[in-house]
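Novice: Sharing a structure here in structure tokens format.
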Amino acid sequence: MIPYGRQWISESDIAAVDAVLRSDFLTQGPCVPRFEHDLRRVVGAKHAVAVNSATSALHIACLALGLGPGDALWTVPITFVASANCGLYCGASVDFVDIDPETLTMCPLALREKLARAARGEGKLPKVIVPVHFAGQSADMRAIHEAAAPYGVRIIEDAAHAIGATRTDGRVGDCRYSDVTVFSFHPVKIVTTGEGGAAVTNDPELARRMELLRSHGITREADEMRNAPAGAWYYEQTTLGFNYRLTDIAAALGTSQLLRLQEFIAAREAIAQSYDAFCAAQNLKRQKQVTGEISARHLYVVRVEQGRRNHVFDRLRDRGIGVNLHYIPVYRQPYFADMGFDPKAFPASEAYFDEALTLPIHPLLSSDEQAFVQSALEEELSR
Ligand SMILES: *Cc1c(COP(=O)(O)O)cnc(C)c1O
């Protein structure tokens, strides 16, 4: 099966991990701070907190922003469930803002209207919103920020797909329009640490809270303690935290992978451009790319007209092509459906869900494999 995504591990990645295995520290050594330093430089944020997954990063970002019972978090339906679950972990309620039908990211107009309705008492204003940089393309962060700011809504960017991506006015991760940006280093994403994630921010207070939450809520800093340290052995737990730490083994892999970020994105872009030409020739609809911005090209999704998608999907799978569907709208998951969402409230997400088909894209996809995917799809579409 040609996978829709996979990691690309080099000999130098292996050497970097090997060196950690031969060193004194498998975790809590020098590699995590080094990886955080490299991340800050790559994405242009002042602080980085590396953790064991993007899911953990979303959780501690929500907690650091004070999200709790009685609060609400809004995200988009077309995302991985983790973008919504972080709100539930904190005891908050979750609601959704529809996507833009062309860019497939949070629709700023839908957000504006939903906020205005909530402010009038029709619904509940969110404390936090989580726009998602779908498939590697930044959401319209300036417009989202402008819509959210009048209500004091805090913003966490879910950039699980989008390390290395840019906006016309900055880099994904520079947090110009948000409080926190979250990345994933799962093997199908752009850069991998095995499992891993990070939260970046320009706010030193938020960074410090997230560091505490990552490691049991424990501090060894005297100025953060309630009592005077009774000795060098003394530490205090000042809040309820978790063990969300990244290992040094994983961080070393991350540092090594980050060196090739531009290579990964260039390889993905070349594949995407070949698909773009194919789509134009086949009259296939695809995600609109925003001019002047770089997408990390995590996913390549085409639209197959209603009613034929499932058939085409099955036929391509039968032929060894690992097509996929990103994503089932989160409100359709049984766990969320029980909360009483009406799919008709999200027409763009519903239309997308009926037609979406993810084609394989990853840096090791050969041109022969891509040609095979394209000719198989062309055949199935013409049946
Ligand atoms: C993969 C993904 C996550 C979760 O990442 P993990 O590192 O696996 O926890 C969150 N949000 C989106 C949009 C994702 O694609």
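Ligands are numbered from 1 in the order shown, chains are lettered A, B, ... in the order of the structure tokens, and residues start at 1 in each chain.
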List as a list of chain:residue names the protein and nucleic acid residues lying within 6 Å of ligand 1, with only C-alpha atoms and all ligand atoms counted.
Specialist: A:Ser53, A:Ala54, A:Thr55, A:Thr79, A:Phe80, A:Ala82, A:Ser83, A:Asp158, A:Ala160, A:His161, A:Ser184, A:Phe185, A:His186, A:Gly196, A:Gly197
Novice: Take the residues from that selection and put them in a file with C-alpha atoms, as a compact mmCIF listing (two decimals), in the first residue's frame.
Specialist:
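That gives us part30.txt:
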```txt
# COMPACT_ATOMS: atom_id res chain seq x y z
CA SER A 53 2.31 15.12 21.70
CA ALA A 54 0.36 17.97 20.13
CA THR A 55 -2.63 16.70 22.10
CA THR A 79 -9.92 18.59 12.02
CA PHE A 80 -8.56 15.75 14.10
CA ALA A 82 -7.69 16.44 19.47
CA SER A 83 -8.44 20.08 18.48
CA ASP A 158 -3.46 24.24 15.83
CA ALA A 160 -0.10 20.24 13.68
CA HIS A 161 0.01 20.24 9.86
CA SER A 184 2.76 17.87 16.20
CA PHE A 185 5.76 15.66 15.53
CA HIS A 186 3.86 12.44 14.85
CA GLY A 196 5.92 14.56 20.22
CA GLY A 197 4.60 18.07 20.10
```
Novice: Pick out the residues sitting within 6 Å of segment 316-331 of chain A, and hand them over as a PyMOL selection string; count only C-alpha atoms, and ignore anything fewer than 6 positions along from it in its own chain.
Specialist: chain A and resi 1-4+77-79+81+337+357-359
Novice: Show me, as a list of chain:residue names, the residues that have an atom within 10 Å of segment 361-367 of chain A when counting only C-alpha atoms, minus same-chain residues fewer than 6 positions from it.
Specialist: A:Ile2, A:Pro3, A:Tyr4, A:Gly5, A:Arg6, A:Gln7, A:Trp8, A:Val188, A:Lys189, A:Ile190, A:Glu263, A:Phe264, A:Ile265, A:Ala266, A:Ala267, A:Arg268, A:Glu269, A:Ala270, A:Ile271, A:Ala272, A:Ser274, A:Tyr275, A:Arg297, A:His298, A:Leu299, A:Tyr300, A:Val301, A:Val323, A:Val373
Novice: Of the candidates A:Ala45, A:Leu246, A:Leu213, A:Ala84, which one gets nearest to Val200 of chain A if we count only C-alpha atoms?
Specialist: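 Going through A:Ala45, A:Leu246, A:Leu213, A:Ala84 one by one, the smallest distance to Val200 of chain A is for A:Ala45.
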Novice: Counting only C-alpha atoms, which residues in segment 201-307 of chain A sit no more than 12 Å from segment 344-353 of chain A? For each one, give the nearest pair of atoms and the distance in Å, sorted by chain then residue number, as CSV.
Specialist:
```
residue,atom,partner,partner_atom,distance
A:Lys285,CA,A:Tyr352,CA,10.7
A:Arg286,CA,A:Tyr352,CA,10.5
A:Gln287,CA,A:Tyr352,CA,10.4
A:Val301,CA,A:Tyr352,CA,10.1
A:Val302,CA,A:Tyr352,CA,9.7
A:Arg303,CA,A:Tyr352,CA,7.5
A:Val304,CA,A:Tyr352,CA,9.6
A:Glu305,CA,A:Ala351,CA,9.7
A:Gln306,CA,A:Ala351,CA,8.3
A:Gly307,CA,A:Ala351,CA,11.4
```
Novice: Would you work out the distance separating atom CA of Pro30 of chain A from atom CA of Leu253 of chain A, expressed in Å to one decimal?
Specialist: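 Between atom CA of Pro30 of chain A and atom CA of Leu253 of chain A the gap is 13.0 Å.
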Novice: Counting only C-alpha atoms, which residue out of A:Leu381, A:Ala159, A:Cys279, A:Leu212 sits closest to Ala199 of chain A?
Specialist: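 Distance minimum relative to Ala199 of chain A lands on A:Ala159.
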Novice: Looking only at the backbone, which of the residues in segment 317-355 of chain A does DSSP tag as alpha helix (DSSP H), as a PyMOL selection string?
Specialist: chain A and resi 317-318+334-337+347-355
Novice: Write the selection just made, keeping C-alpha atoms, as an mmCIF file, in the first residue's frame?
Specialist:
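Saved file part.cif follows:
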```cif
data_model
loop_
_atom_site.group_PDB
_atom_site.id
_atom_site.type_symbol
_atom_site.label_atom_id
_atom_site.label_comp_id
_atom_site.auth_asym_id
_atom_site.auth_seq_id
_atom_site.Cartn_x
_atom_site.Cartn_y
_atom_site.Cartn_z
ATOM 1 C CA ARG A 317 -7.571 1.152 -1.927
ATOM 2 C CA ASP A 318 -8.054 -2.129 -3.844
ATOM 3 C CA PRO A 334 -20.703 9.542 18.451
ATOM 4 C CA TYR A 335 -19.072 11.046 21.537
ATOM 5 C CA PHE A 336 -19.768 14.554 20.224
ATOM 6 C CA ALA A 337 -23.081 13.767 18.491
ATOM 7 C CA PRO A 347 -22.998 23.313 5.414
ATOM 8 C CA ALA A 348 -19.425 23.776 4.130
ATOM 9 C CA SER A 349 -18.095 21.015 6.392
ATOM 10 C CA GLU A 350 -20.925 18.688 5.341
ATOM 11 C CA ALA A 351 -20.345 19.312 1.609
ATOM 12 C CA TYR A 352 -16.624 18.770 2.072
ATOM 13 C CA PHE A 353 -17.191 15.548 4.033
ATOM 14 C CA ASP A 354 -19.297 14.098 1.175
ATOM 15 C CA GLU A 355 -16.598 14.690 -1.430
#
```
Novice: For Pro131 of chain A, which of A:Lys46, A:Arg309, A:Arg226, A:His145 is the closest residue, counting only C-alpha atoms?
Specialist: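 Smallest distance to Pro131 of chain A is found for A:His145.
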Novice: Just how far from atom CA of Gly29 of chain A is atom CA of Ser10 of chain A, in Å to one decimal?
Specialist: 23.1 Å
Novice: So which residues touch Thr103 of chain A within 9 Å, counting only C-alpha atoms, skipping near sequence neighbours fewer than 4 positions away, as an mmCIF file with all heavy atoms, in the first residue's frame?
Specialist:
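Heads up, here's the output in out_20.cif:
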```
data_model
loop_
_atom_site.group_PDB
_atom_site.id
_atom_site.type_symbol
_atom_site.label_atom_id
_atom_site.label_comp_id
_atom_site.auth_asym_id
_atom_site.auth_seq_id
_atom_site.Cartn_x
_atom_site.Cartn_y
_atom_site.Cartn_z
ATOM 1 N N ILE A 99 -16.102 25.843 8.193
ATOM 2 C CA ILE A 99 -14.926 26.174 7.397
ATOM 3 C C ILE A 99 -15.309 27.029 6.193
ATOM 4 O O ILE A 99 -16.470 27.051 5.781
ATOM 5 C CB ILE A 99 -14.198 24.905 6.896
ATOM 6 C CG1 ILE A 99 -15.164 24.003 6.094
ATOM 7 C CG2 ILE A 99 -13.585 24.154 8.068
ATOM 8 C CD1 ILE A 99 -14.478 22.867 5.346
ATOM 9 N N CYS A 107 -13.747 29.802 8.769
ATOM 10 C CA CYS A 107 -14.303 30.920 7.988
ATOM 11 C C CYS A 107 -14.428 32.141 8.903
ATOM 12 O O CYS A 107 -15.217 32.125 9.853
ATOM 13 C CB CYS A 107 -15.660 30.525 7.430
ATOM 14 S SG CYS A 107 -16.492 31.887 6.612
ATOM 15 N N PHE A 134 -5.291 23.845 8.135
ATOM 16 C CA PHE A 134 -5.631 22.589 7.485
ATOM 17 C C PHE A 134 -4.730 22.276 6.294
ATOM 18 O O PHE A 134 -4.535 23.111 5.408
ATOM 19 C CB PHE A 134 -7.095 22.613 7.019
ATOM 20 C CG PHE A 134 -7.529 21.334 6.386
ATOM 21 C CD1 PHE A 134 -7.883 20.251 7.167
ATOM 22 C CD2 PHE A 134 -7.540 21.191 5.012
ATOM 23 C CE1 PHE A 134 -8.250 19.046 6.589
ATOM 24 C CE2 PHE A 134 -7.911 19.989 4.424
ATOM 25 C CZ PHE A 134 -8.266 18.917 5.217
ATOM 26 N N GLN A 137 -1.855 24.774 5.290
ATOM 27 C CA GLN A 137 -2.078 26.175 4.895
ATOM 28 C C GLN A 137 -2.616 26.967 6.087
ATOM 29 O O GLN A 137 -3.583 26.553 6.721
ATOM 30 C CB GLN A 137 -3.075 26.229 3.739
ATOM 31 C CG GLN A 137 -3.551 27.643 3.421
ATOM 32 C CD GLN A 137 -4.154 27.748 2.037
ATOM 33 O OE1 GLN A 137 -3.450 28.032 1.069
ATOM 34 N NE2 GLN A 137 -5.435 27.480 1.939
ATOM 35 N N ALA A 139 -4.662 29.293 8.404
ATOM 36 C CA ALA A 139 -5.975 29.938 8.426
ATOM 37 C C ALA A 139 -5.758 31.448 8.263
ATOM 38 O O ALA A 139 -4.628 31.934 8.393
ATOM 39 C CB ALA A 139 -6.682 29.627 9.738
ATOM 40 N N GLN A 287 -8.084 22.195 -2.672
ATOM 41 C CA GLN A 287 -8.016 23.312 -1.717
ATOM 42 C C GLN A 287 -7.461 24.546 -2.405
ATOM 43 O O GLN A 287 -6.421 24.467 -3.073
ATOM 44 C CB GLN A 287 -7.114 22.911 -0.542
ATOM 45 C CG GLN A 287 -7.009 23.970 0.552
ATOM 46 C CD GLN A 287 -6.016 23.558 1.653
ATOM 47 O OE1 GLN A 287 -5.073 22.800 1.407
ATOM 48 N NE2 GLN A 287 -6.228 24.050 2.858
ATOM 49 N N LYS A 288 -8.124 25.673 -2.223
ATOM 50 C CA LYS A 288 -7.600 26.920 -2.768
ATOM 51 C C LYS A 288 -6.350 27.322 -1.972
ATOM 52 O O LYS A 288 -6.371 27.340 -0.740
ATOM 53 C CB LYS A 288 -8.660 28.013 -2.648
ATOM 54 C CG LYS A 288 -8.203 29.341 -3.185
ATOM 55 C CD LYS A 288 -9.261 30.410 -2.994
ATOM 56 C CE LYS A 288 -8.678 31.777 -3.326
ATOM 57 N NZ LYS A 288 -9.563 32.842 -2.846
ATOM 58 N N GLN A 289 -5.272 27.614 -2.694
ATOM 59 C CA GLN A 289 -4.042 28.060 -2.037
ATOM 60 C C GLN A 289 -4.018 29.585 -2.009
ATOM 61 O O GLN A 289 -4.319 30.228 -3.017
ATOM 62 C CB GLN A 289 -2.809 27.536 -2.790
ATOM 63 C CG GLN A 289 -2.749 26.008 -2.888
ATOM 64 C CD GLN A 289 -2.638 25.341 -1.528
ATOM 65 O OE1 GLN A 289 -1.779 25.674 -0.724
ATOM 66 N NE2 GLN A 289 -3.532 24.389 -1.248
ATOM 67 N N VAL A 290 -3.664 30.134 -0.881
ATOM 68 C CA VAL A 290 -3.625 31.590 -0.745
ATOM 69 C C VAL A 290 -2.338 32.107 -1.383
ATOM 70 O O VAL A 290 -1.244 31.647 -1.062
ATOM 71 C CB VAL A 290 -3.696 31.998 0.733
ATOM 72 C CG1 VAL A 290 -3.644 33.517 0.876
ATOM 73 C CG2 VAL A 290 -4.966 31.445 1.370
#
```
Novice: For a quick check of understanding, using only C-alpha atoms, which of A:Ala198, A:Ala119, A:Ile129, A:Ala57 has the smallest distance to Ala251 of chain A?
Specialist: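 Ranked by minimum distance to Ala251 of chain A, first place goes to A:Ala198.
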Novice: List the neighbours of Ala296 of chain A out to 7 Å using only C-alpha atoms; skip same-chain residues closer than 5 positions along the sequence, and give me the result as a ChimeraX atom specification.
Specialist: /A:136-137,162-165,265
Novice: Taking only segment 189-291 of chain A into account, list the residues labelled strand (DSSP E or B) by DSSP (computed from the backbone), as a ChimeraX atom specification.
Specialist: /A:197-201,215,218-219,236-237,243,285-286
